[in-house]
Amino acid sequence: MLYDINLKITYGYEVPVSGGRHLVRVLPASIPGRQRLIAGSVTVQPAPGERSESVDFFANATTSILFRSVHEHLVIRMQARVQAEATALTADFSPPLTGLPSQLAACWSIDADSPHHFIGPSPLLPEAAEIAAYACEIAGENMTVCQIGAAICGRIHRDFAYDAEATTVTTTPAEAFKLKRGVCQDFTHVMIVALRSLGIPAGYVSGFLRTLPPPGKERLEGADAMHAWVRFWCGTTGGWMELDPTNNIPAGTDHIVVGHGRDYGDVAPVIGVLKSYGTHTTEQAVDVIPVE
Amino acid sequence: MAKKQAAEAIDKGRSPGDPVSGYRALPGVADEMLDPQGNVRPVWQRLLAALGRMDETELANRFARADRYLRDAGVFYRAYGKGDTERSWPLSHIPVLIDETEWAAVSAGLIQRAELLEQVVADIYGENRLVREGLLPPALVASNPQFLRPLVGVKPADGHFLHFCTFEIGRGPDGNWWVLSDRTEAPSGAGFALENRVATTRAFSNLYAETHVHRLASFFGAFRDTLQAQKLHPDDRIAVLSPGIANETYFEHAYIARYLGFMLLEGEDLTVVGGRVMVRTVAGLKPIGVLWRRLDASFADPLELDQSSHIGTPGLVEALRAGSVSIVNAIGSGILETRAFLAFMPTLCRHLLGEEQKLPSIATWWCGQEPERQHVASNIEGMVIGPAYSTRPFFDDNGQSMLGAALRETTRTSAAEWLAAGGGKLVGQEVVTLSTTPAWVRGRLTPRPMSLRVFAARTRDGWQIMPGGFARIGSGDDVAAIAMQAGGTAADVWIVSDKPVERTTLFPAEESFTRNLPGSLPSRAADNLFWLGRYIERAEGALRILRAWHARFAEAADPNMPLLKDVSNYLSALDISARQPVPASLLANIDSALFSAGNIRDRFSPDGWLALNDLSKTARRFHATVQAGDDATHAMTILLRKLAGFAGLVHENMYRFTGWRFLSVGRYLERGLHMTRLLGHMSGPEAPDGAYDMLLEIGDSVMTHRRRYNVNTAALTVTDLLALDPLNPRSVLFQLNEIKTEVELLPNAFVNGQMSPFYRETMRLHSGLAVMTPEAMNAAVYKRLEQDLERLSDLLAQTYLG
């Protein structure tokens, strides 16, 4: 599938801010066999005093911007054309859960894609006993890692209500778990914590969803803003698999990847530090349109 | 009391002249003073002979001299928890003596270790061969909170990750030294080691002079020169980056900065512009070339590291990527402190250096590997089990580690199962028995367990080990009690030579001095000085009004007489309750002054600091006890005298440069405001009976008024003297005069030959008041002047403190 993607993030500051430094991670990635970025750009208004581009540890494209003058708004726009190439996995090459540790131990790598980065607790995702118990109950003795992932994904989708008012960007997975409500970030975080509690390496994927479904299909949740889903490791042969717990589907050609990380903190679209004396508002608008 | 203790000591076997009798090494434990045969080691003999010549009183006097030095120098560390208080430094007065030959071997081992650690950290953030080749388990890096991913691939500007490390070492029962832990993140203690040395030599000055003890200064000198050489540009500054006054070892940050002549900065002093780290100073942004970081790495940049950090500098990591600043030690080096790394050091040493470790680490097994875990399980009785990713040594980790023997009693499952569940999160370490060293306890030398903290610095001639350091000494027989936070003490370490040692100081020989002007003043320091000035003056203003009020209250037949009521209304508008003899808001004011002063402790003398603390303590005591009226009047007089004491110390001792000017402008501005407000309220025609006299008293101008005007106090004469007399140090015009003088000398008073807006406003206010007559002064004029002065303060903040 070929997509044109437009993203607009607008910050409005109650009291104009002077200066500020931000990291922006919104540009889709090129991932061999998964998707290809054909063209893309990130523009910022007002014009920043300094701007530089880099690639972070997890290979995410990062734009760094610095403002020196007073401004009331910040508008970040991203435009991209992406060829989505992923096909959903059909075969399950993953080992049973008991077979995973030895495959993990045989992986002597700490490259960005190494499963070792995704096992332990990460800054936003401490261990949570309740979620571990939930995962333990779902994971059957003879299930493969891949089956466990699908089962947890399905259970979260069933047990949790999609509710944009229930949580905020700083809600912890334990809180979201208690509420059984939230948005894609919460669904994703809970599923990651559940998988890690079983010893399955799991990470956060940020990206976009196709805005309008193909004819005859339902519109997916999370298409009106940036989306998030889970990537987990199915062993040496199984590799990484992507599941979207918000919609209980594998992430396929309707899911366009922007970034990989251990949790939201690694891939947040905008991280900013500024001196401000008031509150601010944020708006996000996303269009993901197939090119015929 | 001292006599009684001495008698007890004699009962227990100590005879005068022989401090060693009764001292026995504990069974199975090495001792620093006694060799395995129980004989006194040669390096200790001179000290023991000297101790033998001193009686109880003399020793007590000598120890007191050392303690007094530490108190006067303001040496403190912060004890976390229990009210978060500053504690005086717990010196154990008997130094630990080590022969220089033995020390040479220890040094060689630690130099090798520093070399090894450098190669390990360079690989982790660089090529990553150690993990790929199976020498370092990937989990120990990837699951390690100290592994800072944004730094992967970033090469340090000067090519090295490590420049300053400390090692905790201990001597085992066989007499050999072991490394207990490596400190590479932001190691502390070097400044305390220096102060330990000074204090201990105060106690044993003659002995120190005749014992050939290696000096510490050349170690610091070599390190300072190395940092100087690391700057990429000659104009770059070197700074100590501190987390701030709330940190456990803030004293040391200030001390080291002052000792080596570096700036003392905090994260918010810095900004990153065009990939360069700059310090905000009152003269604008100035480039920083080298940062000696005393701040935990993850707090250093809220943008790329810990996003919750409020003490970092956004963009610092970007500057590191640009290679424009050198950080000591490199951000990310803290990963080397991970306890589980100790298990891999022998292999890594063989692999990377091609040799055996000269100084072994304490035997450690990481439970993330099956054979190692089994070894720990089957030897559990002789193990300490603790968190694998902890960066603290087992005897200093707030009880996170436990003895294998104790573990058996607390868990129902078998040790093997428990270890398997914990897996890679646990390490087992061999239980070590540390050596003992003599401490003076209840009038006699008593063996106490100790470990040494040793300091290593990278210099142009390679790694150098400080000849000395400090010994941490346990309060009982238990090795776990060594940590200072648990009631342990610290002793100086003397490395003793059998021939005279070289004496160096950090100061160049006299004939070659140049006069260094202080560098640009950081804006935050200027801000603290300015507000210190304002708070001190504000406290003084309030005290003067309160004293005058209580003096009248004590005499008044009618507590509701108009003057008292009027002034108490005035005070309550300032949030001061006249009826409360030492009002809470006054205490808050003094605390604010203390807080501002604490933030810039490297900038004025310990005497000033003590005076300010004394003022705060006294005010607090009075707050609880003093009664309204005469009692309060007397109390205010005492507080004013103490305040004058502090002001005097500052006035007499502070170097007249930019910092002084900000402090002064703060004082003048606040005094001007105080007098303007008071005159606006009390000098009008409707002022109650006695108001003019009270004004003169508050303005400390009763005598002057009597001398200068041959009339009774009247609105016009009071106005003339307190508002417009340029010679009266309490008048408003005098304050503006002084502000004008100081402001002229501040940086950027003129820009391209034109007055800066701040200077222009100062001139406008000054000349406006200078041409006034007493007749023209009225409430409206005072009100406008008050607003103008407040605006002047804002303008100063905008110009210099932003």
# chains A, B, ... in the order shown; residues from 1 in each chain; ligands from 1
call {"tool": "residues_around", "arguments": {"residues": "Leu148 of chain B", "least_positions_apart": "3", "cutoff": "8 Å", "atoms": "only C-alpha atoms", "output": "PyMOL selection string"}}
result
chain B and resi 145+151-152+298+305+331-332
call {"tool": "write_last_selection", "arguments": {"atoms": "N, CA and C atoms", "output": "PDB file, in the first residue's frame"}}
result
ATOM      1  N   PRO B 145      20.193   0.177  34.466  1.00  0.00           N
ATOM      2  CA  PRO B 145      19.704   1.566  34.486  1.00  0.00           C
ATOM      3  C   PRO B 145      20.822   2.584  34.236  1.00  0.00           C
ATOM      4  N   LEU B 151      24.084   8.110  24.718  1.00  0.00           N
ATOM      5  CA  LEU B 151      25.529   8.338  24.649  1.00  0.00           C
ATOM      6  C   LEU B 151      26.243   7.285  23.816  1.00  0.00           C
ATOM      7  N   VAL B 152      25.490   6.287  23.347  1.00  0.00           N
ATOM      8  CA  VAL B 152      26.127   5.245  22.547  1.00  0.00           C
ATOM      9  C   VAL B 152      26.670   5.870  21.265  1.00  0.00           C
ATOM     10  N   SER B 298      22.156  10.733  34.866  1.00  0.00           N
ATOM     11  CA  SER B 298      20.811  10.718  34.300  1.00  0.00           C
ATOM     12  C   SER B 298      20.093  12.041  34.536  1.00  0.00           C
ATOM     13  N   LEU B 305      17.966  12.499  28.771  1.00  0.00           N
ATOM     14  CA  LEU B 305      18.166  11.508  29.833  1.00  0.00           C
ATOM     15  C   LEU B 305      16.902  11.499  30.692  1.00  0.00           C
ATOM     16  N   ILE B 331      29.540  11.163  30.684  1.00  0.00           N
ATOM     17  CA  ILE B 331      28.185  10.735  31.038  1.00  0.00           C
ATOM     18  C   ILE B 331      27.993   9.301  30.560  1.00  0.00           C
ATOM     19  N   GLY B 332      27.562   8.432  31.448  1.00  0.00           N
ATOM     20  CA  GLY B 332      27.400   7.015  31.125  1.00  0.00           C
ATOM     21  C   GLY B 332      28.427   6.136  31.831  1.00  0.00           C
TER      22      GLY B 332
END
call {"tool": "select_by_dssp", "arguments": {"residues": "segment 19-57 of chain A", "states": "strand (DSSP E or B)", "output": "list in words"}}
result
Gly19, Gly20, Arg21, His22, Leu23, Val24, Ile31, Gln35, Arg36, Leu37, Ile38, Ala39, Gly40, Ser41, Val42, Thr43, Val44, Gln45, Glu50, Arg51, Ser52, Glu53, Ser54 and Val55 of chain A
call {"tool": "write_last_selection", "arguments": {"atoms": "C-alpha atoms", "output": "tab-separated table (two decimals), in the first residue's frame"}}
result
chain	number	residue	atom	x	y	z
A	19	GLY	CA	13.02	29.97	24.38
A	20	GLY	CA	12.66	26.23	24.67
A	21	ARG	CA	14.28	23.12	23.34
A	22	HIS	CA	12.42	20.16	21.83
A	23	LEU	CA	13.05	16.75	20.35
A	24	VAL	CA	10.60	15.70	17.65
A	31	ILE	CA	12.39	-0.78	7.64
A	35	GLN	CA	7.86	-0.26	4.94
A	36	ARG	CA	9.78	2.29	2.90
A	37	LEU	CA	9.83	6.06	3.38
A	38	ILE	CA	9.71	7.48	-0.13
A	39	ALA	CA	9.68	11.14	0.81
A	40	GLY	CA	9.13	12.99	4.05
A	41	SER	CA	9.66	16.32	5.74
A	42	VAL	CA	9.18	17.94	9.12
A	43	THR	CA	8.50	21.68	9.28
A	44	VAL	CA	8.28	23.86	12.36
A	45	GLN	CA	6.62	27.23	12.95
A	50	GLU	CA	18.59	26.17	15.74
A	51	ARG	CA	17.62	22.90	14.18
A	52	SER	CA	19.46	19.63	13.64
A	53	GLU	CA	18.59	16.11	12.53
A	54	SER	CA	19.93	12.89	14.00
A	55	VAL	CA	19.12	9.24	14.46
call {"tool": "interface_residues", "arguments": {"of": "chain A", "to": "chain B", "cutoff": "8 Å", "atoms": "only C-alpha atoms", "output": "ChimeraX atom specification"}}
result
/A:21-23,50,56-57,108-110,116-121,271-273
call {"tool": "closest_residue", "arguments": {"among": "A:Arg231, A:Thr172, A:Asp92, A:Lys275", "to": "Phe67 of chain A", "atoms": "only C-alpha atoms"}}
result
A:Lys275
call {"tool": "residues_around", "arguments": {"residues": "Gly423 of chain B", "least_positions_apart": "5", "cutoff": "9 Å", "atoms": "only C-alpha atoms", "output": "PyMOL selection string"}}
result
chain B and resi 366-370+373+418
call {"tool": "select_by_dssp", "arguments": {"residues": "segment 114-276 of chain A", "states": "helix (DSSP H, G or I)", "output": "CSV table (one decimal) with C-alpha atoms, in the first residue's frame"}}
result
chain,number,residue,atom,x,y,z
A,115,PRO,CA,15.7,-8.4,22.6
A,116,HIS,CA,17.8,-7.7,25.6
A,117,HIS,CA,16.8,-4.0,25.7
A,118,PHE,CA,13.2,-5.0,26.0
A,129,ALA,CA,2.4,-7.5,40.4
A,130,GLU,CA,-1.3,-7.2,39.3
A,131,ILE,CA,-0.4,-7.2,35.7
A,132,ALA,CA,2.0,-10.1,36.1
A,133,ALA,CA,-0.7,-12.1,37.8
A,134,TYR,CA,-3.1,-11.3,34.9
A,135,ALA,CA,-0.5,-12.4,32.4
A,136,CYS,CA,0.3,-15.6,34.3
A,137,GLU,CA,-3.4,-16.5,34.3
A,138,ILE,CA,-3.6,-16.0,30.5
A,145,VAL,CA,5.3,-17.2,22.8
A,146,CYS,CA,3.4,-16.1,19.7
A,147,GLN,CA,0.2,-17.6,21.0
A,148,ILE,CA,0.7,-16.0,24.4
A,149,GLY,CA,1.1,-12.6,22.8
A,150,ALA,CA,-2.1,-13.1,20.8
A,151,ALA,CA,-4.0,-14.3,23.9
A,152,ILE,CA,-2.9,-11.3,26.0
A,153,CYS,CA,-3.7,-8.9,23.2
A,154,GLY,CA,-7.2,-10.4,22.9
A,155,ARG,CA,-7.8,-10.3,26.6
A,156,ILE,CA,-6.7,-6.7,27.0
A,157,HIS,CA,-9.0,-5.7,24.0
A,158,ARG,CA,-11.9,-7.5,25.7
A,159,ASP,CA,-11.3,-6.3,29.3
A,173,PRO,CA,0.2,1.0,33.4
A,174,ALA,CA,-0.8,-0.1,36.9
A,175,GLU,CA,-3.3,2.8,37.1
A,176,ALA,CA,-4.7,2.0,33.6
A,177,PHE,CA,-4.9,-1.6,34.6
A,178,LYS,CA,-6.9,-0.8,37.6
A,179,LEU,CA,-9.3,1.4,35.6
A,184,CYS,CA,-3.7,3.1,22.7
A,185,GLN,CA,-0.7,4.2,24.9
A,186,ASP,CA,-2.3,2.6,27.9
A,187,PHE,CA,-3.3,-0.6,26.1
A,188,THR,CA,0.2,-0.9,24.7
A,189,HIS,CA,1.9,-0.2,28.0
A,190,VAL,CA,-0.2,-2.8,29.9
A,191,MET,CA,0.5,-5.4,27.2
A,192,ILE,CA,4.3,-4.7,27.3
A,193,VAL,CA,4.4,-5.0,31.1
A,194,ALA,CA,2.4,-8.3,30.9
A,195,LEU,CA,4.7,-9.8,28.3
A,196,ARG,CA,7.9,-8.7,30.2
A,197,SER,CA,6.5,-10.3,33.4
A,235,GLY,CA,12.7,-16.2,19.5
A,236,THR,CA,15.6,-16.5,17.2
A,237,THR,CA,13.6,-17.8,14.3
A,238,GLY,CA,10.3,-16.1,15.1
A,264,TYR,CA,6.4,5.9,25.3
A,265,GLY,CA,9.3,7.9,26.7
A,266,ASP,CA,11.7,6.7,24.0
A,267,VAL,CA,9.4,7.6,21.1
call {"tool": "residues_around", "arguments": {"residues": "Thr10 of chain A", "least_positions_apart": "6", "cutoff": "9 Å", "atoms": "only C-alpha atoms", "output": "list of chain:residue names"}}
result
A:His73, A:Leu74, A:Val75, A:Ile76, A:Arg77, A:Thr281, A:Thr282, A:Glu283, A:Gln284, A:Ala285
call {"tool": "write_last_selection", "arguments": {"atoms": "C-alpha atoms", "output": "compact mmCIF listing (two decimals), in the first residue's frame"}}
result
# COMPACT_ATOMS: atom_id res chain seq x y z
CA HIS A 73 2.22 28.81 19.34
CA LEU A 74 4.31 25.98 18.12
CA VAL A 75 3.17 24.13 15.02
CA ILE A 76 4.94 20.96 13.90
CA ARG A 77 3.96 19.54 10.51
CA THR A 281 -3.01 23.20 24.96
CA THR A 282 -2.11 20.53 22.41
CA GLU A 283 -3.91 19.46 19.28
CA GLN A 284 -3.07 16.69 16.89
CA ALA A 285 -4.50 16.16 13.42
call {"tool": "residues_around", "arguments": {"residues": "Arg113 of chain B", "least_positions_apart": "2", "cutoff": "12 Å", "atoms": "only C-alpha atoms", "output": "JSON, numbers by chain"}}
result
{"B": [106, 107, 108, 109, 110, 111, 115, 116, 117, 118, 119, 120, 162, 165, 166, 167, 178, 179, 181, 182, 183, 184, 336, 342, 345, 346, 348, 349, 350, 352, 353, 355, 356, 357, 358, 359, 360, 361, 456, 463, 464, 465]}
call {"tool": "residues_around", "arguments": {"residues": "Thr271 of chain B", "least_positions_apart": "6", "cutoff": "12 Å", "atoms": "only C-alpha atoms", "output": "short mmCIF file (atom, residue, chain, number, x, y, z; two decimals) with C-alpha atoms, in the first residue's frame"}}
result
data_model
loop_
_atom_site.label_atom_id
_atom_site.label_comp_id
_atom_site.auth_asym_id
_atom_site.auth_seq_id
_atom_site.Cartn_x
_atom_site.Cartn_y
_atom_site.Cartn_z
CA GLY A 19 13.02 29.97 24.38
CA GLY A 20 12.66 26.23 24.67
CA ARG A 21 14.28 23.12 23.34
CA LEU A 66 15.76 25.35 19.81
CA ARG A 68 15.37 31.79 21.34
CA VAL A 273 11.83 21.67 28.01
CA LEU A 274 10.78 25.28 28.27
CA LEU B 265 27.77 25.81 38.81
CA VAL B 277 27.79 24.71 26.66
CA MET B 278 27.63 28.27 27.99
CA VAL B 279 27.35 29.67 31.49
CA ARG B 280 24.91 32.51 32.08
CA THR B 281 26.84 35.29 33.73
CA GLY B 284 26.45 37.48 29.18
CA LEU B 285 27.05 33.89 28.01
CA LYS B 286 30.58 32.50 28.42
CA PRO B 287 31.78 29.17 27.01
CA ILE B 288 32.54 26.16 29.23
CA ALA B 300 22.25 16.02 33.50
CA ASP B 301 19.89 16.54 30.54
CA GLY B 312 19.82 19.40 34.42
CA THR B 313 20.72 21.34 31.31
CA PRO B 314 18.59 20.66 28.22
CA GLY B 315 20.83 20.06 25.21
CA LEU B 316 23.90 18.92 27.17
CA VAL B 317 23.98 15.56 25.39
CA GLU B 318 23.77 17.36 22.05
CA ALA B 319 26.81 19.41 23.05
CA PRO B 522 27.21 33.40 37.15
CA SER B 523 23.75 34.97 37.00
CA GLY B 802 17.77 36.04 33.57
#
call {"tool": "residues_around", "arguments": {"residues": "Gln103 of chain A", "least_positions_apart": "3", "cutoff": "10 Å", "atoms": "only C-alpha atoms", "output": "PyMOL selection string"}}
result
chain A and resi 95+98-100+106-107+234-237
call {"tool": "write_last_selection", "arguments": {"atoms": "N, CA and C atoms", "output": "short mmCIF file (atom, residue, chain, number, x, y, z; two decimals), in the first residue's frame"}}
result
data_model
loop_
_atom_site.label_atom_id
_atom_site.label_comp_id
_atom_site.auth_asym_id
_atom_site.auth_seq_id
_atom_site.Cartn_x
_atom_site.Cartn_y
_atom_site.Cartn_z
N PRO A 95 9.12 -20.46 19.98
CA PRO A 95 9.22 -21.60 20.89
C PRO A 95 8.16 -21.49 21.98
N THR A 98 8.98 -21.80 27.81
CA THR A 98 10.14 -22.37 28.50
C THR A 98 11.36 -22.45 27.61
N GLY A 99 11.15 -22.37 26.30
CA GLY A 99 12.28 -22.45 25.39
C GLY A 99 12.89 -21.09 25.10
N LEU A 100 12.23 -20.00 25.55
CA LEU A 100 12.70 -18.67 25.20
C LEU A 100 14.02 -18.27 25.88
N ALA A 106 21.41 -17.03 24.01
CA ALA A 106 22.30 -17.26 22.88
C ALA A 106 22.46 -16.01 22.01
N CYS A 107 21.73 -14.96 22.38
CA CYS A 107 21.78 -13.73 21.57
C CYS A 107 22.79 -12.77 22.19
N CYS A 234 9.74 -13.23 19.40
CA CYS A 234 9.26 -14.61 19.36
C CYS A 234 10.42 -15.58 19.13
N GLY A 235 11.59 -15.25 19.65
CA GLY A 235 12.70 -16.19 19.55
C GLY A 235 13.56 -15.93 18.32
N THR A 236 14.64 -16.71 18.22
CA THR A 236 15.63 -16.49 17.18
C THR A 236 15.02 -16.60 15.79
N THR A 237 14.17 -17.58 15.57
CA THR A 237 13.57 -17.77 14.26
C THR A 237 12.31 -16.92 14.11
#
